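J.: Have a look at this one before I ask anything.
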Amino acid sequence: MFSGGKLLMVCSEGPQLRTYYINFSVSLAFDAIALVLLFLLRLSEKSNKKVDISKDSGIKSKNFLKILFNFDHVSDTLKCLFKRRDQRMRLQIFLLYIVLFITVITTTGVQVAATQFNQIAYGWDVSTITTFSAISQVLSMALLAFCSALLMKWLKLLDGTLILLSQASRFASDLISGILIKPLAAYISIPTGSLSGIAIVSIRTKLSKLVTEEEVGKIFSLSSTIESLVRL
């Protein structure tokens with residue numbers, strides 16, 4: 001999409017893509033960073049779990065508001081993030097959070113610019129865009145369900161490999177849409193990017209294997225916070 005929009009800006013005599021350059025420049029840069037981080041990240045093949053479940057949950061009050069605004073929970077969550085861990089697991093957690101942030105922000109950014117890109121690049125009207133969106137969502141979900149079963153149940157690929165495949169799938173999908181400025185490219189990008197949907201799930205699964213069972217909720221709360229803040 002970056003290269004396609006660039007060509008449109010140079011060659012097209014019609015309206016230009018608003019904020020196109022910033023959106024796809026940031027997306028391209030973040031995609032490259034995510035792929036580099038994933039290759040540098042030496043993901044552990046074993047869970048290395050050391051379960052030590054505390055009998056005291058730390059919640060003494062039954063008042064919902066007091067529990068909700070209890071800053072001790074925030075402190076405990078941050079301590080869980082920064083605590084020392086064996087086998088460089090803390091570094092792995094940091095890198096996975098960075099990849100998660102990049103995945104969410106690039107996906108959101110591309111979605112924001114996609115409608116305008118389709119209007120200018122393919123000459124689609126609102127009805128065509130809506131039809132394509134519906135086809136894309138249904139086909140993507142079907143392919144994702146099939147590929148997930150194939151990769152995880154039959155091939156039994158590791159979480160790190162699934163994360164790499166999902167990032168490569170999304171990158172290839174955007175590359176096809178950007179290089180081939182034809183409506184056919186939009187439809188080809190649907191199966192090409194079908195694996196991108198397992199990115200966040202795979203990242204969360206890997207995160208859960210790097211911490212003890214009592215820390216899973218804290219780690220997931222941080223990932224949910226990152227996803228919410230990015231969309232703002």
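Simple scheme: letters A, B, ... for chains in structure tokens order, numbers from 1 for residues in each chain, numbers from 1 for ligands in the order shown.
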Segment 139-180 of chain A near segment 79-99 of chain A within 10 Å: what's each residue's closest atom pair and its distance in Å to one decimal, counting only C-alpha atoms, ordered by chain then ascending residue number, as a tab-separated table?

T.:
residue	atom	partner	partner_atom	distance
A:Gly160	CA	A:Leu96	CA	9.9
A:Ile163	CA	A:Val99	CA	9.3
A:Gln167	CA	A:Val99	CA	9.5

J.: With only C-alpha atoms as the counted atoms, please give the residues lying no more than 12 Å from Phe132 of chain A, apart from itself and same-chain residues fewer than 3 positions off, as a PyMOL selection string.

T.: chain A and resi 114-115+118+122+124-129+135-140+183-184+186-190

J.: Looking at A:Ser194, A:Ser202, A:Ser75, A:Gln111, which one is nearest to Ala145 of chain A, with distances taken over only C-alpha atoms?

T.: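 Ranked by minimum distance to Ala145 of chain A, first place goes to A:Ser194.
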
J.: So that I can see what lies close to Ala34 of chain A, please list as a list in words the residues with an atom at most 12 Å from it, counting only C-alpha atoms and leaving out residues fewer than 6 positions away in the same chain.

T.: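 Using only C-alpha atoms, the neighbours found are Ser27, Leu28, Leu40, Leu41, Leu95, Leu96, Tyr97, Ile98, Val99, Leu100, Phe101, Ile102, Thr103, Val104, Ile105, Thr106, Ile163, Leu164, Leu165, Ser166, Gln167, Ala168, Arg170, Phe171 and Ala199 of chain A.
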
J.: I need the residues from that last selection saved to file as a PDB file, in the first residue's frame (with N, CA and C atoms), if you can.

T.:
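That gives us part20.pdb:
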ATOM      1  N   SER A  27       3.586   2.647   9.199  1.00  0.00           N
ATOM      2  CA  SER A  27       3.260   1.223   9.137  1.00  0.00           C
ATOM      3  C   SER A  27       4.426   0.413   8.587  1.00  0.00           C
ATOM      4  N   LEU A  28       5.069   0.916   7.523  1.00  0.00           N
ATOM      5  CA  LEU A  28       6.195   0.213   6.917  1.00  0.00           C
ATOM      6  C   LEU A  28       7.360   0.117   7.891  1.00  0.00           C
ATOM      7  N   LEU A  40      15.310 -11.508  16.307  1.00  0.00           N
ATOM      8  CA  LEU A  40      16.296 -11.395  17.374  1.00  0.00           C
ATOM      9  C   LEU A  40      15.838 -12.086  18.654  1.00  0.00           C
ATOM     10  N   LEU A  41      14.539 -12.186  18.804  1.00  0.00           N
ATOM     11  CA  LEU A  41      13.993 -12.762  20.034  1.00  0.00           C
ATOM     12  C   LEU A  41      14.193 -14.276  20.047  1.00  0.00           C
ATOM     13  N   LEU A  95      10.139  -7.620  24.650  1.00  0.00           N
ATOM     14  CA  LEU A  95      10.101  -7.655  23.184  1.00  0.00           C
ATOM     15  C   LEU A  95       8.724  -8.067  22.671  1.00  0.00           C
ATOM     16  N   LEU A  96       8.075  -8.988  23.359  1.00  0.00           N
ATOM     17  CA  LEU A  96       6.731  -9.392  22.946  1.00  0.00           C
ATOM     18  C   LEU A  96       5.734  -8.249  23.104  1.00  0.00           C
ATOM     19  N   TYR A  97       5.889  -7.452  24.150  1.00  0.00           N
ATOM     20  CA  TYR A  97       5.019  -6.283  24.322  1.00  0.00           C
ATOM     21  C   TYR A  97       5.253  -5.258  23.212  1.00  0.00           C
ATOM     22  N   ILE A  98       6.507  -5.078  22.824  1.00  0.00           N
ATOM     23  CA  ILE A  98       6.807  -4.142  21.730  1.00  0.00           C
ATOM     24  C   ILE A  98       6.181  -4.628  20.433  1.00  0.00           C
ATOM     25  N   VAL A  99       6.311  -5.931  20.158  1.00  0.00           N
ATOM     26  CA  VAL A  99       5.705  -6.501  18.949  1.00  0.00           C
ATOM     27  C   VAL A  99       4.185  -6.369  18.995  1.00  0.00           C
ATOM     28  N   LEU A 100       3.598  -6.579  20.173  1.00  0.00           N
ATOM     29  CA  LEU A 100       2.145  -6.423  20.328  1.00  0.00           C
ATOM     30  C   LEU A 100       1.728  -4.987  20.029  1.00  0.00           C
ATOM     31  N   PHE A 101       2.460  -4.021  20.570  1.00  0.00           N
ATOM     32  CA  PHE A 101       2.163  -2.610  20.320  1.00  0.00           C
ATOM     33  C   PHE A 101       2.253  -2.299  18.824  1.00  0.00           C
ATOM     34  N   ILE A 102       3.311  -2.773  18.185  1.00  0.00           N
ATOM     35  CA  ILE A 102       3.500  -2.517  16.760  1.00  0.00           C
ATOM     36  C   ILE A 102       2.378  -3.160  15.938  1.00  0.00           C
ATOM     37  N   THR A 103       1.997  -4.380  16.300  1.00  0.00           N
ATOM     38  CA  THR A 103       0.940  -5.084  15.574  1.00  0.00           C
ATOM     39  C   THR A 103      -0.379  -4.321  15.632  1.00  0.00           C
ATOM     40  N   VAL A 104      -0.739  -3.859  16.828  1.00  0.00           N
ATOM     41  CA  VAL A 104      -2.014  -3.155  16.993  1.00  0.00           C
ATOM     42  C   VAL A 104      -1.995  -1.806  16.281  1.00  0.00           C
ATOM     43  N   ILE A 105      -0.893  -1.050  16.413  1.00  0.00           N
ATOM     44  CA  ILE A 105      -0.873   0.299  15.843  1.00  0.00           C
ATOM     45  C   ILE A 105      -0.817   0.262  14.314  1.00  0.00           C
ATOM     46  N   THR A 106      -0.095  -0.698  13.743  1.00  0.00           N
ATOM     47  CA  THR A 106      -0.053  -0.776  12.277  1.00  0.00           C
ATOM     48  C   THR A 106      -1.379  -1.272  11.714  1.00  0.00           C
ATOM     49  N   ILE A 163       3.950 -16.489  15.516  1.00  0.00           N
ATOM     50  CA  ILE A 163       4.036 -15.024  15.520  1.00  0.00           C
ATOM     51  C   ILE A 163       4.747 -14.531  14.272  1.00  0.00           C
ATOM     52  N   LEU A 164       5.842 -15.193  13.913  1.00  0.00           N
ATOM     53  CA  LEU A 164       6.579 -14.813  12.701  1.00  0.00           C
ATOM     54  C   LEU A 164       5.714 -14.976  11.451  1.00  0.00           C
ATOM     55  N   LEU A 165       4.991 -16.088  11.366  1.00  0.00           N
ATOM     56  CA  LEU A 165       4.133 -16.326  10.205  1.00  0.00           C
ATOM     57  C   LEU A 165       3.027 -15.289  10.112  1.00  0.00           C
ATOM     58  N   SER A 166       2.452 -14.918  11.241  1.00  0.00           N
ATOM     59  CA  SER A 166       1.370 -13.929  11.224  1.00  0.00           C
ATOM     60  C   SER A 166       1.875 -12.564  10.770  1.00  0.00           C
ATOM     61  N   GLN A 167       3.067 -12.175  11.251  1.00  0.00           N
ATOM     62  CA  GLN A 167       3.629 -10.885  10.835  1.00  0.00           C
ATOM     63  C   GLN A 167       3.994 -10.903   9.357  1.00  0.00           C
ATOM     64  N   ALA A 168       4.587 -12.005   8.891  1.00  0.00           N
ATOM     65  CA  ALA A 168       4.940 -12.121   7.475  1.00  0.00           C
ATOM     66  C   ALA A 168       3.698 -12.124   6.595  1.00  0.00           C
ATOM     67  N   ARG A 170       0.759 -10.620   7.203  1.00  0.00           N
ATOM     68  CA  ARG A 170       0.217  -9.253   7.117  1.00  0.00           C
ATOM     69  C   ARG A 170       1.093  -8.367   6.232  1.00  0.00           C
ATOM     70  N   PHE A 171       2.400  -8.522   6.361  1.00  0.00           N
ATOM     71  CA  PHE A 171       3.328  -7.735   5.547  1.00  0.00           C
ATOM     72  C   PHE A 171       3.147  -8.056   4.062  1.00  0.00           C
ATOM     73  N   ALA A 199      -1.879 -13.333  15.322  1.00  0.00           N
ATOM     74  CA  ALA A 199      -0.735 -12.637  15.921  1.00  0.00           C
ATOM     75  C   ALA A 199      -0.945 -12.362  17.407  1.00  0.00           C
TER      76      ALA A 199
END

J.: If you count only C-alpha atoms, which residues fall within 12 Å of Ser148 of chain A, apart from same-chain ones fewer than 3 positions away, as a PyMOL selection string?

T.: chain A and resi 140-145+151-157+159+162+165-166+194-199+201-202

J.: Rounded to one decimal in Å, what is the spacing between atom CA of Phe117 of chain A and atom CA of Ile33 of chain A?

T.: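 Computing it gives 23.9 Å between the two atoms.
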